[in-house]
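Peer 1: Input structure: data-v1.pdb, which contains PDB, C-alpha atoms, pLDDT in the B column.
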ATOM      1  CA  MET A 102      89.877  96.134 113.973  1.00 55.00           C
ATOM      2  CA  ASN A 103      92.967  97.074 111.925  1.00 69.00           C
ATOM      3  CA  ALA A 104      91.048  97.305 108.647  1.00 80.00           C
ATOM      4  CA  ASP A 105      90.791  99.742 105.757  1.00 89.00           C
ATOM      5  CA  TYR A 106      87.967 102.276 105.838  1.00 92.00           C
ATOM      6  CA  LYS A 107      85.736 100.372 103.419  1.00 93.00           C
ATOM      7  CA  THR A 108      85.922  97.199 105.492  1.00 92.00           C
ATOM      8  CA  ALA A 109      85.343  99.185 108.685  1.00 92.00           C
ATOM      9  CA  ALA A 110      82.246 100.876 107.203  1.00 92.00           C
ATOM     10  CA  LEU A 111      80.866  97.497 106.161  1.00 92.00           C
ATOM     11  CA  GLU A 112      81.494  96.031 109.621  1.00 91.00           C
ATOM     12  CA  ILE A 113      79.627  98.934 111.232  1.00 90.00           C
ATOM     13  CA  ARG A 114      76.577  98.047 109.153  1.00 87.00           C
ATOM     14  CA  LYS A 115      76.962  94.323 109.849  1.00 88.00           C
ATOM     15  CA  GLY A 116      77.174  95.062 113.560  1.00 87.00           C
ATOM     16  CA  GLY A 117      73.763  96.703 113.436  1.00 86.00           C
ATOM     17  CA  TYR A 118      74.989 100.196 114.295  1.00 84.00           C
ATOM     18  CA  ALA A 119      73.702 101.730 111.059  1.00 82.00           C
ATOM     19  CA  THR A 120      69.965 102.187 110.660  1.00 83.00           C
ATOM     20  CA  ASP A 121      70.169 103.568 107.123  1.00 89.00           C
ATOM     21  CA  PRO A 122      70.559 100.789 104.529  1.00 89.00           C
ATOM     22  CA  ASN A 123      72.802 103.161 102.524  1.00 93.00           C
ATOM     23  CA  TYR A 124      75.013 103.961 105.527  1.00 92.00           C
ATOM     24  CA  THR A 125      78.046 102.046 104.307  1.00 94.00           C
ATOM     25  CA  GLN A 126      78.139 103.811 100.948  1.00 96.00           C
ATOM     26  CA  LEU A 127      77.326 107.210 102.473  1.00 95.00           C
ATOM     27  CA  LEU A 128      80.196 106.846 104.930  1.00 95.00           C
ATOM     28  CA  ILE A 129      82.613 105.734 102.224  1.00 96.00           C
ATOM     29  CA  ASN A 130      81.540 108.666 100.028  1.00 97.00           C
ATOM     30  CA  ILE A 131      82.252 111.163 102.824  1.00 97.00           C
ATOM     31  CA  ILE A 132      85.642 109.597 103.530  1.00 96.00           C
ATOM     32  CA  GLU A 133      86.572 109.775  99.859  1.00 96.00           C
ATOM     33  CA  GLN A 134      85.080 113.236  99.251  1.00 97.00           C
ATOM     34  CA  TYR A 135      87.186 114.768 102.021  1.00 96.00           C
ATOM     35  CA  LYS A 136      90.165 112.418 101.524  1.00 93.00           C
ATOM     36  CA  LEU A 137      89.933 111.351 105.161  1.00 93.00           C
ATOM     37  CA  TYR A 138      91.788 108.140 104.359  1.00 89.00           C
ATOM     38  CA  GLN A 139      94.980 110.214 104.364  1.00 86.00           C
ATOM     39  CA  TYR A 140      94.808 110.131 108.163  1.00 84.00           C
ATOM     40  CA  ASP A 141      94.822 106.348 108.340  1.00 84.00           C
ATOM     41  CA  THR A 142      98.032 104.819 109.593  1.00 76.00           C
ATOM     42  CA  LYS A 143      99.504 101.716 108.109  1.00 74.00           C
ATOM     43  CA  GLU A 144     100.552  98.820 110.305  1.00 69.00           C
ATOM     44  CA  GLY A 145     103.820  99.672 112.004  1.00 70.00           C
ATOM     45  CA  GLU A 146     103.500 103.416 111.332  1.00 71.00           C
ATOM     46  CA  GLN A 147     103.426 105.888 114.172  1.00 71.00           C
ATOM     47  CA  SER A 148     100.627 108.434 114.094  1.00 73.00           C
ATOM     48  CA  MET A 149     102.763 110.846 116.151  1.00 78.00           C
ATOM     49  CA  THR A 150     106.414 111.680 116.323  1.00 83.00           C
ATOM     50  CA  ALA A 151     108.238 110.991 119.581  1.00 86.00           C
ATOM     51  CA  ALA A 152     108.111 114.712 120.440  1.00 90.00           C
ATOM     52  CA  GLU A 153     104.376 114.838 119.721  1.00 89.00           C
ATOM     53  CA  GLN A 154     103.837 111.748 121.859  1.00 88.00           C
ATOM     54  CA  ARG A 155     105.734 113.362 124.772  1.00 94.00           C
ATOM     55  CA  GLU A 156     103.669 116.551 124.433  1.00 95.00           C
ATOM     56  CA  PHE A 157     100.481 114.479 124.299  1.00 92.00           C
ATOM     57  CA  GLU A 158     101.427 112.592 127.457  1.00 95.00           C
ATOM     58  CA  GLU A 159     102.210 115.891 129.219  1.00 96.00           C
ATOM     59  CA  LEU A 160      98.828 117.249 128.125  1.00 95.00           C
ATOM     60  CA  LYS A 161      97.044 114.153 129.447  1.00 95.00           C
ATOM     61  CA  SER A 162      98.857 114.561 132.763  1.00 95.00           C
ATOM     62  CA  THR A 163      97.846 118.236 132.965  1.00 95.00           C
ATOM     63  CA  ILE A 164      94.227 117.369 132.213  1.00 95.00           C
ATOM     64  CA  LYS A 165      94.246 114.694 134.921  1.00 94.00           C
ATOM     65  CA  GLN A 166      95.627 117.178 137.444  1.00 95.00           C
ATOM     66  CA  GLN A 167      92.999 119.750 136.481  1.00 95.00           C
ATOM     67  CA  ALA A 168      90.215 117.169 136.791  1.00 93.00           C
ATOM     68  CA  GLU A 169      91.437 116.259 140.284  1.00 92.00           C
ATOM     69  CA  TRP A 170      91.561 119.945 141.264  1.00 92.00           C
ATOM     70  CA  ILE A 171      88.020 120.526 139.937  1.00 91.00           C
ATOM     71  CA  LYS A 172      86.796 117.512 141.918  1.00 89.00           C
ATOM     72  CA  SER A 173      88.411 118.861 145.091  1.00 88.00           C
ATOM     73  CA  GLN A 174      86.783 122.259 144.527  1.00 88.00           C
ATOM     74  CA  LYS A 175      83.383 120.653 144.024  1.00 84.00           C
ATOM     75  CA  GLU A 176      83.814 118.776 147.297  1.00 83.00           C
ATOM     76  CA  LEU A 177      84.422 122.118 149.020  1.00 81.00           C
ATOM     77  CA  THR A 178      81.102 123.484 147.756  1.00 80.00           C
ATOM     78  CA  GLU A 179      79.328 120.517 149.282  1.00 78.00           C
ATOM     79  CA  MET A 180      80.661 121.154 152.788  1.00 76.00           C
ATOM     80  CA  PRO A 181      77.988 121.861 155.380  1.00 81.00           C
ATOM     81  CA  CYS A 182      77.706 125.480 156.422  1.00 79.00           C
ATOM     82  CA  PRO A 183      78.112 126.105 160.184  1.00 82.00           C
ATOM     83  CA  SER A 184      75.068 127.681 161.819  1.00 82.00           C
ATOM     84  CA  TRP A 185      77.047 130.713 163.033  1.00 83.00           C
ATOM     85  CA  VAL A 186      77.852 131.566 159.392  1.00 82.00           C
ATOM     86  CA  LYS A 187      74.171 131.462 158.519  1.00 78.00           C
ATOM     87  CA  ASP A 188      73.448 133.826 161.400  1.00 81.00           C
ATOM     88  CA  ALA A 189      76.304 136.170 160.512  1.00 81.00           C
ATOM     89  CA  SER A 190      75.215 136.340 156.876  1.00 76.00           C
ATOM     90  CA  LYS A 191      72.042 138.135 157.968  1.00 77.00           C
ATOM     91  CA  TYR A 192      74.207 141.101 158.945  1.00 79.00           C
ATOM     92  CA  TYR A 193      76.490 141.121 155.902  1.00 75.00           C
ATOM     93  CA  LYS A 194      75.979 144.084 153.632  1.00 71.00           C
ATOM     94  CA  PRO A 195      78.085 144.289 150.472  1.00 71.00           C
ATOM     95  CA  TYR A 196      79.423 147.798 149.842  1.00 63.00           C
TER      96      TYR A 196
END
The structure given in the file should be rewritten as structure tokens.

Peer 2:
Amino acid sequence: MNADYKTAALEIRKGGYATDPNYTQLLINIIEQYKLYQYDTKEGEQSMTAAEQREFEELKSTIKQQAEWIKSQKELTEMPCPSWVKDASKYYKPY
């Protein structure tokens, strides 16, 4: 959208996403009350330094690897259990 927060709030209402007729003003009030506009970036500005961007990319890569590992572990839990294991489990007694 590349718009200031007031324009963005108005567009949200115009798009039909706000059910409260006062939504636009309520949203603007919250943004101004907490000075959230300070986090807006101007055109051409970078929201992160180069070092922060590298760290962010490394973090995304780590998260992707973890998600793949979790998926592989879930697949292991869905493996069918051989019948001999079911029979042997009758005799297993934890100590």

Peer 1: Run the PyMOL selection byres ((chain A and resi 105) around 10) against the file shown and list the residues it catches, as a PyMOL selection string.

Peer 2: chain A and resi 102-104+106-110+138+141-143

Peer 1: Distance CA of Ser173 (chain A)-CA of Tyr193 (chain A), one decimal place?

Peer 2: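 Interatomic distance, CA of Ser173 (chain A) to CA of Tyr193 (chain A): 27.5 Å.
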
Peer 1: Grab the CA of Thr178 (chain A) to CA of Glu159 (chain A) distance for me, in Å with one decimal place.

Peer 2: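 Value for the CA of Thr178 (chain A)-CA of Glu159 (chain A) distance: 29.1 Å.
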
Peer 1: Rounded to one decimal in Å, what is the spacing between CA of Pro183 (chain A) and CA of Ile171 (chain A)?

Peer 2: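 Interatomic distance, CA of Pro183 (chain A) to CA of Ile171 (chain A): 23.2 Å.
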